[in-house]
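Shown here: my_file06.tsv, TSV, C-alpha atoms and all ligand atoms.
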```
chain	number	residue	atom	x	y	z
A	958	MET	CA	-77.51	-34.57	171.29
A	959	ASN	CA	-78.65	-30.96	171.08
A	960	ALA	CA	-81.70	-29.04	172.31
A	961	PHE	CA	-83.78	-30.10	169.28
A	962	ASP	CA	-83.37	-33.81	169.81
A	963	VAL	CA	-85.28	-33.50	173.05
A	964	SER	CA	-87.82	-30.83	172.07
A	965	PRO	CA	-91.24	-31.61	170.59
A	966	SER	CA	-92.36	-30.04	167.34
A	967	ALA	CA	-94.54	-26.92	167.60
A	968	ASP	CA	-96.53	-27.91	164.50
A	969	GLY	CA	-100.28	-27.53	164.89
A	970	LEU	CA	-102.77	-24.90	165.99
A	971	TRP	CA	-101.82	-22.61	168.88
A	972	THR	CA	-104.88	-21.15	170.44
A	973	ASP	CA	-106.06	-19.54	173.68
A	974	LEU	CA	-103.48	-16.75	173.27
A	975	ARG	CA	-103.80	-12.99	173.53
A	976	LEU	CA	-101.87	-10.46	171.45
A	977	ALA	CA	-99.30	-8.33	173.25
A	978	SER	CA	-100.19	-5.47	170.92
A	979	ASP	CA	-103.87	-5.70	171.96
A	980	ALA	CA	-104.52	-8.03	174.88
A	981	SER	CA	-108.27	-8.02	174.23
A	982	VAL	CA	-107.75	-9.95	170.97
A	983	GLN	CA	-107.83	-13.76	171.21
A	984	ALA	CA	-105.17	-14.93	168.76
A	985	ALA	CA	-104.22	-18.14	167.00
A	986	ILE	CA	-101.02	-19.27	165.30
A	987	VAL	CA	-100.74	-22.16	162.85
A	988	VAL	CA	-97.30	-23.76	162.63
A	989	ALA	CA	-96.42	-26.25	159.89
A	990	GLN	CA	-92.96	-27.77	159.49
A	991	GLY	CA	-91.57	-25.23	161.93
A	992	THR	CA	-92.87	-22.27	159.94
A	993	VAL	CA	-95.75	-19.90	160.69
A	994	ARG	CA	-98.57	-20.75	158.25
A	995	TRP	CA	-101.23	-18.45	159.68
A	996	PHE	CA	-101.43	-15.83	162.45
A	997	GLY	CA	-104.32	-13.60	163.44
A	998	PRO	CA	-107.45	-13.23	165.57
A	999	ARG	CA	-108.89	-16.64	166.52
A	1000	ALA	CA	-112.24	-15.52	165.13
A	1001	ASP	CA	-110.74	-15.23	161.64
A	1002	LEU	CA	-109.08	-18.67	161.62
A	1003	PRO	CA	-109.83	-20.42	158.29
A	1004	ALA	CA	-111.85	-23.61	158.82
A	1005	THR	CA	-109.15	-25.74	157.14
A	1006	PHE	CA	-106.85	-25.22	160.15
A	1007	ALA	CA	-109.46	-25.88	162.83
A	1008	SER	CA	-108.90	-29.66	162.76
A	1009	LEU	CA	-105.14	-29.51	163.41
A	1010	PRO	CA	-103.73	-30.82	166.70
A	1011	VAL	CA	-104.16	-28.04	169.28
A	1012	HIS	CA	-101.59	-26.50	171.62
A	1013	HIS	CA	-103.46	-24.67	174.36
A	1014	GLY	CA	-101.86	-21.35	175.27
A	1015	GLY	CA	-103.70	-21.07	178.59
A	1016	ASP	CA	-104.67	-17.42	177.96
A	1017	ALA	CA	-101.01	-16.40	177.72
A	1018	LEU	CA	-99.87	-13.17	176.16
A	1019	VAL	CA	-97.82	-13.89	173.01
A	1020	THR	CA	-94.89	-11.95	171.56
A	1021	PRO	CA	-92.31	-12.75	168.92
A	1022	GLY	CA	-89.19	-14.50	170.21
A	1023	LEU	CA	-86.79	-11.96	171.69
A	1024	VAL	CA	-83.59	-10.95	169.91
A	1025	ASP	CA	-80.49	-9.86	171.87
A	1026	CYS	CA	-78.63	-7.94	169.18
A	1027	HIS	CA	-75.43	-6.89	171.01
A	1028	THR	CA	-73.51	-9.21	173.32
A	1029	HIS	CA	-69.95	-10.07	174.24
A	1030	LEU	CA	-71.05	-13.43	175.65
A	1031	VAL	CA	-67.80	-15.39	175.23
A	1032	TYR	CA	-64.95	-14.43	177.58
A	1033	GLY	CA	-62.79	-15.73	180.40
A	1034	GLY	CA	-62.83	-14.50	183.99
A	1035	GLN	CA	-64.83	-11.64	185.46
A	1036	ARG	CA	-64.15	-8.06	186.60
A	1037	ALA	CA	-65.95	-7.44	189.88
A	1038	ASN	CA	-62.76	-5.75	191.11
A	1039	GLU	CA	-63.28	-2.96	188.57
A	1040	PHE	CA	-66.83	-2.54	189.69
A	1041	ALA	CA	-65.44	-1.91	193.16
A	1042	MET	CA	-62.82	0.51	191.79
A	1043	ARG	CA	-65.50	2.52	190.04
A	1044	LEU	CA	-67.60	2.58	193.20
A	1045	ALA	CA	-64.55	4.06	194.90
A	1046	GLY	CA	-64.51	6.84	192.32
A	1047	ALA	CA	-62.46	5.66	189.31
A	1048	SER	CA	-63.99	6.18	185.86
A	1049	TYR	CA	-64.22	3.49	183.13
A	1050	GLU	CA	-61.54	5.37	181.19
A	1051	GLU	CA	-59.23	5.55	184.23
A	1052	VAL	CA	-59.62	1.82	184.87
A	1053	ALA	CA	-58.86	1.09	181.20
A	1054	ARG	CA	-55.81	3.37	181.15
A	1055	ALA	CA	-54.51	1.69	184.33
A	1056	GLY	CA	-54.32	-1.65	182.48
A	1057	GLY	CA	-57.72	-2.97	183.57
A	1058	GLY	CA	-60.79	-2.86	181.41
A	1059	ILE	CA	-61.04	-4.83	178.18
A	1060	VAL	CA	-57.37	-5.85	178.31
A	1061	SER	CA	-57.84	-7.67	181.60
A	1062	SER	CA	-60.59	-9.80	180.00
A	1063	VAL	CA	-58.22	-10.37	177.08
A	1064	ARG	CA	-55.69	-11.95	179.44
A	1065	ALA	CA	-58.31	-14.27	180.96
A	1066	THR	CA	-59.79	-15.16	177.56
A	1067	ARG	CA	-56.40	-16.03	176.10
A	1068	GLU	CA	-55.71	-18.30	179.07
A	1069	ALA	CA	-59.02	-20.17	178.71
A	1070	SER	CA	-59.42	-23.18	176.42
A	1071	GLU	CA	-62.14	-23.32	173.80
A	1072	ASP	CA	-64.03	-25.86	175.89
A	1073	GLU	CA	-63.82	-23.70	179.00
A	1074	LEU	CA	-65.13	-20.71	177.08
A	1075	PHE	CA	-67.91	-22.83	175.63
A	1076	ALA	CA	-68.95	-24.06	179.06
A	1077	SER	CA	-69.11	-20.61	180.65
A	1078	ALA	CA	-70.84	-19.00	177.66
A	1079	SER	CA	-73.37	-21.89	177.48
A	1080	HIS	CA	-74.28	-21.28	181.08
A	1081	ARG	CA	-74.84	-17.58	180.43
A	1082	LEU	CA	-76.76	-18.26	177.23
A	1083	GLN	CA	-79.18	-20.51	179.11
A	1084	SER	CA	-80.33	-17.58	181.25
A	1085	LEU	CA	-81.11	-15.54	178.14
A	1086	LEU	CA	-82.87	-18.43	176.40
A	1087	ALA	CA	-85.03	-19.08	179.46
A	1088	GLU	CA	-86.37	-15.57	179.07
A	1089	GLY	CA	-87.44	-16.15	175.48
A	1090	VAL	CA	-84.40	-15.11	173.45
A	1091	CYS	CA	-84.53	-16.82	170.04
A	1092	ALA	CA	-81.64	-15.04	168.28
A	1093	ILE	CA	-78.49	-13.51	169.66
A	1094	GLU	CA	-75.40	-11.71	168.46
A	1095	VAL	CA	-72.03	-12.77	169.85
A	1096	LYS	CA	-68.93	-10.62	169.34
A	1097	SER	CA	-65.29	-11.54	169.48
A	1098	GLY	CA	-62.91	-8.89	170.79
A	1099	TYR	CA	-61.39	-10.46	173.90
A	1100	GLY	CA	-58.79	-12.43	171.94
A	1101	LEU	CA	-57.13	-9.65	169.92
A	1102	ALA	CA	-54.86	-12.21	168.22
A	1103	LEU	CA	-55.86	-14.51	165.40
A	1104	ALA	CA	-55.88	-17.77	167.36
A	1105	HIS	CA	-57.83	-16.30	170.26
A	1106	GLU	CA	-60.36	-14.39	168.16
A	1107	ARG	CA	-60.91	-17.64	166.25
A	1108	LYS	CA	-61.43	-19.47	169.53
A	1109	GLN	CA	-64.15	-17.02	170.58
A	1110	LEU	CA	-65.94	-17.16	167.24
A	1111	ARG	CA	-65.81	-20.94	167.11
A	1112	VAL	CA	-67.43	-21.02	170.52
A	1113	ALA	CA	-70.18	-18.74	169.18
A	1114	ARG	CA	-70.85	-21.18	166.33
A	1115	ARG	CA	-70.87	-24.12	168.75
A	1116	LEU	CA	-73.42	-22.31	170.93
A	1117	ALA	CA	-75.78	-22.05	167.96
A	1118	GLU	CA	-75.45	-25.74	167.27
A	1119	ALA	CA	-75.75	-26.96	170.85
A	1120	HIS	CA	-78.66	-24.75	171.86
A	1121	CYS	CA	-80.52	-24.55	168.54
A	1122	VAL	CA	-80.59	-20.79	168.64
A	1123	THR	CA	-79.79	-18.37	165.84
A	1124	VAL	CA	-76.37	-16.83	166.53
A	1125	ARG	CA	-74.90	-14.00	164.47
A	1126	THR	CA	-71.16	-13.63	164.95
A	1127	THR	CA	-69.48	-10.24	164.87
A	1128	PHE	CA	-65.73	-9.85	164.52
A	1129	LEU	CA	-64.58	-7.13	166.93
A	1130	GLY	CA	-60.81	-7.47	166.53
A	1131	ALA	CA	-60.61	-3.68	166.85
A	1132	HIS	CA	-62.02	-3.64	170.39
A	1133	ALA	CA	-58.83	-2.54	172.20
A	1134	LEU	CA	-55.12	-2.37	171.51
A	1135	PRO	CA	-53.49	-5.59	172.77
A	1136	PRO	CA	-50.57	-4.91	175.16
A	1137	GLU	CA	-47.98	-6.38	172.74
A	1138	TYR	CA	-48.92	-3.62	170.23
A	1139	ALA	CA	-48.62	-0.73	172.72
A	1140	GLY	CA	-47.85	2.46	170.78
A	1141	ARG	CA	-48.34	0.67	167.43
A	1142	ASN	CA	-52.01	1.23	166.62
A	1143	GLY	CA	-51.36	1.29	162.88
A	1144	ASP	CA	-49.58	-2.06	162.94
A	1145	TYR	CA	-52.40	-3.61	164.90
A	1146	ILE	CA	-55.03	-2.28	162.50
A	1147	ASP	CA	-52.91	-3.75	159.66
A	1148	LEU	CA	-53.07	-7.11	161.41
A	1149	VAL	CA	-56.84	-6.83	161.88
A	1150	CYS	CA	-57.46	-5.85	158.24
A	1151	HIS	CA	-54.91	-7.97	156.40
A	1152	GLU	CA	-54.63	-11.11	158.50
A	1153	MET	CA	-57.26	-11.66	161.14
A	1154	LEU	CA	-60.39	-10.58	159.29
A	1155	PRO	CA	-59.63	-12.28	155.94
A	1156	ALA	CA	-58.63	-15.54	157.67
A	1157	LEU	CA	-61.67	-15.67	159.95
A	1158	ALA	CA	-64.05	-14.67	157.16
A	1159	ALA	CA	-62.61	-17.43	154.96
A	1160	GLU	CA	-63.35	-19.90	157.74
A	1161	GLY	CA	-66.99	-18.79	157.76
A	1162	LEU	CA	-66.76	-17.42	161.27
A	1163	VAL	CA	-67.77	-13.80	160.60
A	1164	ASP	CA	-71.28	-12.50	159.89
A	1165	ALA	CA	-70.50	-8.81	160.56
A	1166	VAL	CA	-67.64	-6.52	161.60
A	1167	ASP	CA	-67.61	-4.07	164.52
A	1168	VAL	CA	-65.11	-1.53	165.91
A	1169	PHE	CA	-64.90	0.31	169.24
A	1170	CYS	CA	-64.47	3.89	167.99
A	1171	GLU	CA	-63.51	5.93	171.05
A	1172	ARG	CA	-60.71	7.97	172.63
A	1173	ILE	CA	-59.59	4.91	174.63
A	1174	ALA	CA	-59.89	2.58	171.64
A	1175	PHE	CA	-59.68	3.39	167.90
A	1176	SER	CA	-59.87	6.64	165.94
A	1177	LEU	CA	-62.19	7.49	163.10
A	1178	GLU	CA	-59.43	6.85	160.54
A	1179	GLU	CA	-58.60	3.46	162.06
A	1180	THR	CA	-62.30	2.60	162.14
A	1181	GLU	CA	-62.62	3.44	158.46
A	1182	ARG	CA	-59.72	1.18	157.57
A	1183	VAL	CA	-61.50	-1.74	159.22
A	1184	PHE	CA	-64.74	-0.85	157.45
A	1185	GLN	CA	-62.92	-0.84	154.11
A	1186	ALA	CA	-61.54	-4.29	154.82
A	1187	ALA	CA	-65.03	-5.51	155.74
A	1188	LYS	CA	-66.49	-3.98	152.59
A	1189	ALA	CA	-63.86	-5.65	150.43
A	1190	LEU	CA	-65.02	-8.98	151.85
A	1191	GLY	CA	-68.70	-8.12	151.42
A	1192	LEU	CA	-69.36	-8.12	155.17
A	1193	PRO	CA	-71.80	-5.71	156.87
A	1194	VAL	CA	-70.50	-3.36	159.56
A	1195	LYS	CA	-71.74	-1.98	162.88
A	1196	LEU	CA	-70.10	0.31	165.40
A	1197	HIS	CA	-69.62	0.97	169.11
A	1198	ALA	CA	-70.22	4.67	168.53
A	1199	GLU	CA	-70.32	7.86	170.62
A	1200	GLN	CA	-70.42	6.04	173.98
A	1201	LEU	CA	-68.05	8.28	175.93
A	1202	SER	CA	-67.64	11.16	173.47
A	1203	ASP	CA	-68.88	12.34	170.07
A	1204	MET	CA	-66.26	10.98	167.68
A	1205	GLY	CA	-68.40	11.26	164.56
A	1206	GLY	CA	-68.41	7.47	164.30
A	1207	ALA	CA	-72.11	7.14	163.60
A	1208	ALA	CA	-71.94	9.28	160.45
A	1209	LEU	CA	-68.95	7.27	159.24
A	1210	ALA	CA	-70.72	3.98	159.94
A	1211	ALA	CA	-73.82	5.21	158.12
A	1212	ARG	CA	-71.68	5.99	155.07
A	1213	TYR	CA	-70.72	2.32	155.06
A	1214	GLY	CA	-74.39	1.30	155.30
A	1215	ALA	CA	-73.97	0.05	158.86
A	1216	LEU	CA	-76.57	-2.33	160.26
A	1217	SER	CA	-76.42	-0.51	163.58
A	1218	CYS	CA	-74.69	2.08	165.75
A	1219	ASP	CA	-74.62	1.03	169.38
A	1220	HIS	CA	-74.44	2.91	172.73
A	1221	ILE	CA	-74.73	6.41	171.08
A	1222	GLU	CA	-75.09	8.40	174.32
A	1223	HIS	CA	-73.21	11.32	172.71
A	1224	LEU	CA	-74.77	10.99	169.24
A	1225	SER	CA	-75.17	14.34	167.40
A	1226	GLN	CA	-78.02	15.45	165.15
A	1227	ALA	CA	-75.70	15.02	162.17
A	1228	GLY	CA	-75.18	11.41	163.24
A	1229	ILE	CA	-78.92	10.87	163.58
A	1230	ASP	CA	-79.56	12.31	160.12
A	1231	ALA	CA	-76.90	10.08	158.59
A	1232	MET	CA	-78.33	7.00	160.31
A	1233	ARG	CA	-81.83	7.79	159.10
A	1234	GLU	CA	-80.58	8.16	155.51
A	1235	ALA	CA	-78.74	4.85	155.69
A	1236	GLY	CA	-81.47	2.90	157.49
A	1237	THR	CA	-79.06	2.20	160.36
A	1238	VAL	CA	-80.60	0.94	163.62
A	1239	ALA	CA	-79.84	2.76	166.90
A	1240	VAL	CA	-79.00	0.12	169.53
A	1241	LEU	CA	-79.61	1.32	173.09
A	1242	LEU	CA	-77.66	-0.37	175.88
A	1243	PRO	CA	-79.11	0.71	179.22
A	1244	GLY	CA	-77.17	-1.95	181.15
A	1245	ALA	CA	-73.83	-0.28	180.33
A	1246	PHE	CA	-75.33	3.16	180.98
A	1247	TYR	CA	-76.52	1.98	184.39
A	1248	THR	CA	-73.34	0.12	185.38
A	1249	LEU	CA	-71.14	3.09	184.48
A	1250	ARG	CA	-73.55	5.41	186.27
A	1251	ASP	CA	-73.61	7.43	183.09
A	1252	THR	CA	-75.71	10.59	183.08
A	1253	MET	CA	-75.69	11.32	179.35
A	1254	VAL	CA	-78.94	9.84	178.05
A	1255	PRO	CA	-78.98	8.95	174.31
A	1256	PRO	CA	-80.96	11.47	172.21
A	1257	ILE	CA	-84.18	9.43	172.27
A	1258	ALA	CA	-86.57	12.23	171.34
A	1259	ALA	CA	-84.48	13.20	168.32
A	1260	LEU	CA	-84.12	9.57	167.19
A	1261	ARG	CA	-87.87	9.14	167.56
A	1262	ALA	CA	-88.57	12.35	165.64
A	1263	ALA	CA	-86.24	11.23	162.86
A	1264	GLY	CA	-87.87	7.81	162.67
A	1265	VAL	CA	-84.61	5.94	163.33
A	1266	PRO	CA	-85.52	2.43	164.55
A	1267	MET	CA	-84.38	1.89	168.15
A	1268	ALA	CA	-83.29	-1.54	169.38
A	1269	VAL	CA	-82.54	-2.48	172.99
A	1270	SER	CA	-79.95	-5.05	174.03
A	1271	THR	CA	-78.08	-6.39	177.06
A	1272	ASP	CA	-74.53	-5.62	175.80
A	1273	HIS	CA	-73.69	-8.53	178.10
A	1274	ASN	CA	-69.97	-8.21	178.91
A	1275	PRO	CA	-67.80	-8.60	182.00
A	1276	GLY	CA	-66.82	-4.94	182.21
A	1277	THR	CA	-69.76	-2.64	181.74
A	1278	SER	CA	-72.88	-4.78	181.57
A	1279	PRO	CA	-72.80	-8.16	183.33
A	1280	VAL	CA	-76.57	-8.53	182.96
A	1281	LEU	CA	-78.30	-11.65	181.64
A	1282	SER	CA	-81.87	-10.40	181.40
A	1283	LEU	CA	-83.20	-8.74	178.28
A	1284	LEU	CA	-86.47	-7.96	180.08
A	1285	LEU	CA	-84.54	-5.96	182.65
A	1286	MET	CA	-83.18	-3.95	179.70
A	1287	VAL	CA	-86.77	-3.39	178.55
A	1288	ASN	CA	-87.52	-1.99	181.99
A	1289	MET	CA	-84.42	0.21	182.00
A	1290	ALA	CA	-85.01	1.44	178.45
A	1291	CYS	CA	-88.36	2.72	179.72
A	1292	THR	CA	-87.29	4.06	183.11
A	1293	LEU	CA	-83.83	5.43	182.24
A	1294	PHE	CA	-84.26	6.34	178.55
A	1295	ARG	CA	-87.99	7.08	178.49
A	1296	LEU	CA	-88.97	4.66	175.76
A	1297	THR	CA	-92.64	3.78	175.68
A	1298	VAL	CA	-93.50	0.14	176.39
A	1299	PRO	CA	-94.35	-0.60	172.72
A	1300	GLU	CA	-91.05	1.02	171.67
A	1301	ALA	CA	-89.09	-1.08	174.14
A	1302	ILE	CA	-90.83	-4.28	173.02
A	1303	ALA	CA	-90.15	-3.42	169.37
A	1304	GLY	CA	-86.58	-2.76	170.53
A	1305	VAL	CA	-86.04	-6.38	171.60
A	1306	THR	CA	-87.94	-7.90	168.68
A	1307	VAL	CA	-88.42	-6.33	165.25
A	1308	HIS	CA	-85.75	-3.62	165.45
A	1309	ALA	CA	-83.22	-5.92	167.16
A	1310	ALA	CA	-83.69	-8.41	164.32
A	1311	ARG	CA	-83.02	-5.65	161.81
A	1312	ALA	CA	-79.85	-4.64	163.67
A	1313	LEU	CA	-78.58	-8.13	162.83
A	1314	GLY	CA	-79.92	-8.26	159.28
A	1315	LEU	CA	-82.35	-10.96	160.47
A	1316	GLN	CA	-85.61	-9.13	159.75
A	1317	LYS	CA	-86.79	-11.81	157.31
A	1318	THR	CA	-86.59	-14.60	159.88
A	1319	HIS	CA	-86.82	-13.10	163.38
A	1320	GLY	CA	-88.45	-10.40	165.45
A	1321	ALA	CA	-92.02	-10.96	164.27
A	1322	ILE	CA	-94.72	-13.61	164.09
A	1323	ALA	CA	-95.51	-13.62	160.39
A	1324	VAL	CA	-96.54	-16.08	157.72
A	1325	GLY	CA	-93.50	-17.72	156.15
A	1326	MET	CA	-91.16	-16.97	159.06
A	1327	PRO	CA	-89.71	-19.68	161.29
A	1328	ALA	CA	-91.91	-20.10	164.38
A	1329	ASN	CA	-90.22	-18.14	167.16
A	1330	PHE	CA	-92.58	-16.91	169.86
A	1331	VAL	CA	-92.92	-16.57	173.61
A	1332	LEU	CA	-95.96	-17.21	175.81
A	1333	TRP	CA	-96.05	-14.97	178.88
A	1334	ASP	CA	-97.96	-15.40	182.11
A	1335	LEU	CA	-99.15	-11.82	181.88
A	1336	LYS	CA	-102.37	-9.92	181.37
A	1337	GLU	CA	-101.01	-6.96	179.43
A	1338	ALA	CA	-97.90	-5.91	177.55
A	1339	ALA	CA	-96.89	-3.20	180.04
A	1340	GLU	CA	-96.08	-6.01	182.49
A	1341	LEU	CA	-93.12	-6.98	180.29
A	1342	ALA	CA	-91.48	-3.75	181.39
A	1343	TYR	CA	-92.99	-3.62	184.86
A	1344	TRP	CA	-92.01	-6.87	186.63
A	1345	PHE	CA	-88.27	-6.28	186.64
A	1346	GLY	CA	-86.13	-9.03	188.07
A	1347	GLN	CA	-88.79	-11.65	187.31
A	1348	ARG	CA	-89.19	-14.18	184.54
A	1349	PRO	CA	-92.88	-14.47	183.66
A	1350	VAL	CA	-92.30	-16.94	180.79
A	1351	ARG	CA	-94.84	-19.72	180.37
A	1352	GLY	CA	-93.47	-21.24	177.18
A	1353	VAL	CA	-91.07	-20.71	174.29
A	1354	VAL	CA	-91.24	-21.90	170.70
A	1355	ARG	CA	-87.84	-21.55	169.07
A	1356	GLN	CA	-87.19	-22.48	165.45
A	1357	GLY	CA	-90.38	-24.47	165.35
A	1358	ARG	CA	-89.75	-26.46	168.52
A	1359	VAL	CA	-91.33	-26.24	171.95
A	1360	VAL	CA	-88.16	-25.66	173.93
A	1361	LEU	CA	-89.71	-24.51	177.19
B	1	LIG	O1	-69.96	-2.58	174.77
B	1	LIG	N1	-67.65	-0.32	174.81
B	1	LIG	C1	-66.88	-1.24	174.55
B	1	LIG	N2	-67.07	-2.51	174.72
B	1	LIG	C2	-67.91	-3.07	175.74
B	1	LIG	C3	-67.24	-3.08	177.06
B	1	LIG	C4	-66.19	-4.08	177.07
B	1	LIG	C5	-65.50	-4.26	178.38
B	1	LIG	O2	-65.39	-3.35	179.22
B	1	LIG	O3	-65.02	-5.39	178.55
B	1	LIG	C6	-69.26	-2.40	175.74
B	1	LIG	O4	-69.65	-1.72	176.69
B	2	FE	FE	-70.56	-3.73	173.48
```

Conversion result in structure tokens:
Amino acid sequence: MNAFDVSPSADGLWTDLRLASDASVQAAIVVAQGTVRWFGPRADLPATFASLPVHHGGDALVTPGLVDCHTHLVYGGQRANEFAMRLAGASYEEVARAGGGIVSSVRATREASEDELFASASHRLQSLLAEGVCAIEVKSGYGLALAHERKQLRVARRLAEAHCVTVRTTFLGAHALPPEYAGRNGDYIDLVCHEMLPALAAEGLVDAVDVFCERIAFSLEETERVFQAAKALGLPVKLHAEQLSDMGGAALAARYGALSCDHIEHLSQAGIDAMREAGTVAVLLPGAFYTLRDTMVPPIAALRAAGVPMAVSTDHNPGTSPVLSLLLMVNMACTLFRLTVPEAIAGVTVHAARALGLQKTHGAIAVGMPANFVLWDLKEAAELAYWFGQRPVRGVVRQGRVVL
């Protein structure tokens, strides 16, 4: 039994709602066979729909279902010890170079069974779903060997099935150098490109390919080799780019038509220009910025001026962003990065969907799209950013079902 077997259909007329974009407008949504048939001001509702069974929204504010477009949700163990080390003065790079960091989660993930990983990730996913997330990206990258990367990606597929949520899987085999390849970067990239990626893609486990392009991870040349392998398989790419330094990764990713460049604290104007040309989404990750006590704010004003779409995500991971609230990221995107409230809301809906290539099915309430929307116990949209640490959800319709 999965979440759908126990959830009623959302078909019918949803009324007594107010638009997040303009809370003074009374809105209505018509859902038929799980798909949005009509959406607009209640006053404009065609008479043919007025006799449908009614779902009363109770004067809730309505937004599209949220999209968390960058997570590392599946992993073993946790790394509170590193948090303490950083509080005592160590940097993320120092922790990584001392054998902690990503590699310590790799050890714990390799030791965990698929069922154990599924159980812990399910638990985490439930927190996100309870806040109105309707689509989520899940990366591999804590296995760093074929069998263990497969295990992570299989868990991601099982999460989609069990929780009736859209999951996009991203293969991040080039996340860190596994200890058994120390000093042999080239050999490991060979393994990623010639064995891991083709095998996992053939098994239908890969929707996109990502690389951590950074001084402590992989170079521009190594990143390009992975992108070439992805391209040969017809898979879209994305990149952990310019988080700790300006490596020029964003411009490279844009040349490969990347869906998104993520983190981007050190992004240059040349990178921004390349992303605009390619239609690449800028994914902002304030949870990692906050946890690492970073001071380099991403170039928001320049991204805005260039018209590059900005998404906002949790980057949930055990090292740099152990957060399970996308609304808290909305708050932080506003307070730390100076996004406006409408920008931050677009960042967790329409632009986040685009960062996953899901813009036709998620991130908006629109005729012909699957019904994914959230009812909030709020008077105005600014409250979505304002009440941090709270969960003002009244109801969630996910994939045409009333799941909350
Ligand atoms: O997105 N930047 C690289 N990857 C993760 C961190 C992974 C970890 O520390 O375990 C991130 O922040
Ligand atoms: Fe990440």

Inset, instruction - Quote the spacing between atom CA of Arg1115 of chain A and atom CA of Val1360 of chain A in Å to one decimal place. - result: 18.1 Å

Inset, instruction - Mind giving me the straight-line distance from atom CA of Ile1059 of chain A to atom CA of His1105 of chain A in Å, one decimal? - result: 14.3 Å

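Taking all atoms listed in the file into account, the residues near (-92.2, -26.8, 167.7), no farther than 8 Å, are A:Ser964, A:Pro965, A:Ser966, A:Ala967, A:Asp968, A:Val988, A:Gly991, A:Ala1328, A:Val1354, A:Arg1355, A:Gln1356, A:Gly1357, A:Arg1358, A:Val1359, A:Val1360.
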
Residue subset to file, keeping C-alpha atoms, as a PDB file, keeping the file's coordinate frame:
```
ATOM      1  CA  SER A 964     -87.820 -30.830 172.070  1.00  0.00           C
ATOM      2  CA  PRO A 965     -91.240 -31.610 170.590  1.00  0.00           C
ATOM      3  CA  SER A 966     -92.360 -30.040 167.340  1.00  0.00           C
ATOM      4  CA  ALA A 967     -94.540 -26.920 167.600  1.00  0.00           C
ATOM      5  CA  ASP A 968     -96.530 -27.910 164.500  1.00  0.00           C
ATOM      6  CA  VAL A 988     -97.300 -23.760 162.630  1.00  0.00           C
ATOM      7  CA  GLY A 991     -91.570 -25.230 161.930  1.00  0.00           C
ATOM      8  CA  ALA A1328     -91.910 -20.100 164.380  1.00  0.00           C
ATOM      9  CA  VAL A1354     -91.240 -21.900 170.700  1.00  0.00           C
ATOM     10  CA  ARG A1355     -87.840 -21.550 169.070  1.00  0.00           C
ATOM     11  CA  GLN A1356     -87.190 -22.480 165.450  1.00  0.00           C
ATOM     12  CA  GLY A1357     -90.380 -24.470 165.350  1.00  0.00           C
ATOM     13  CA  ARG A1358     -89.750 -26.460 168.520  1.00  0.00           C
ATOM     14  CA  VAL A1359     -91.330 -26.240 171.950  1.00  0.00           C
ATOM     15  CA  VAL A1360     -88.160 -25.660 173.930  1.00  0.00           C
TER      16      VAL A1360
END
```

Inset, instruction - Step by step, measure atom-to-atom distances between ligand LIG 1 (chain B) and each residue using only C-alpha atoms and all ligand atoms, keep those at most 9 Å, then write them as a PyMOL selection string. - result: chain A and resi 1027-1029+1036+1049+1053+1057-1063+1098-1099+1132-1133+1168-1171+1174+1197-1198+1200-1201+1219-1220+1242+1244-1246+1272-1278

Could those selected residues go to a file with C-alpha atoms, as an mmCIF file, in the frame of the given file?
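The resulting file, result-v3.cif, is reproduced below:
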```
data_model
loop_
_atom_site.group_PDB
_atom_site.id
_atom_site.type_symbol
_atom_site.label_atom_id
_atom_site.label_comp_id
_atom_site.auth_asym_id
_atom_site.auth_seq_id
_atom_site.Cartn_x
_atom_site.Cartn_y
_atom_site.Cartn_z
ATOM 1 C CA HIS A 1027 -75.430 -6.890 171.010
ATOM 2 C CA THR A 1028 -73.510 -9.210 173.320
ATOM 3 C CA HIS A 1029 -69.950 -10.070 174.240
ATOM 4 C CA ARG A 1036 -64.150 -8.060 186.600
ATOM 5 C CA TYR A 1049 -64.220 3.490 183.130
ATOM 6 C CA ALA A 1053 -58.860 1.090 181.200
ATOM 7 C CA GLY A 1057 -57.720 -2.970 183.570
ATOM 8 C CA GLY A 1058 -60.790 -2.860 181.410
ATOM 9 C CA ILE A 1059 -61.040 -4.830 178.180
ATOM 10 C CA VAL A 1060 -57.370 -5.850 178.310
ATOM 11 C CA SER A 1061 -57.840 -7.670 181.600
ATOM 12 C CA SER A 1062 -60.590 -9.800 180.000
ATOM 13 C CA VAL A 1063 -58.220 -10.370 177.080
ATOM 14 C CA GLY A 1098 -62.910 -8.890 170.790
ATOM 15 C CA TYR A 1099 -61.390 -10.460 173.900
ATOM 16 C CA HIS A 1132 -62.020 -3.640 170.390
ATOM 17 C CA ALA A 1133 -58.830 -2.540 172.200
ATOM 18 C CA VAL A 1168 -65.110 -1.530 165.910
ATOM 19 C CA PHE A 1169 -64.900 0.310 169.240
ATOM 20 C CA CYS A 1170 -64.470 3.890 167.990
ATOM 21 C CA GLU A 1171 -63.510 5.930 171.050
ATOM 22 C CA ALA A 1174 -59.890 2.580 171.640
ATOM 23 C CA HIS A 1197 -69.620 0.970 169.110
ATOM 24 C CA ALA A 1198 -70.220 4.670 168.530
ATOM 25 C CA GLN A 1200 -70.420 6.040 173.980
ATOM 26 C CA LEU A 1201 -68.050 8.280 175.930
ATOM 27 C CA ASP A 1219 -74.620 1.030 169.380
ATOM 28 C CA HIS A 1220 -74.440 2.910 172.730
ATOM 29 C CA LEU A 1242 -77.660 -0.370 175.880
ATOM 30 C CA GLY A 1244 -77.170 -1.950 181.150
ATOM 31 C CA ALA A 1245 -73.830 -0.280 180.330
ATOM 32 C CA PHE A 1246 -75.330 3.160 180.980
ATOM 33 C CA ASP A 1272 -74.530 -5.620 175.800
ATOM 34 C CA HIS A 1273 -73.690 -8.530 178.100
ATOM 35 C CA ASN A 1274 -69.970 -8.210 178.910
ATOM 36 C CA PRO A 1275 -67.800 -8.600 182.000
ATOM 37 C CA GLY A 1276 -66.820 -4.940 182.210
ATOM 38 C CA THR A 1277 -69.760 -2.640 181.740
ATOM 39 C CA SER A 1278 -72.880 -4.780 181.570
#
```
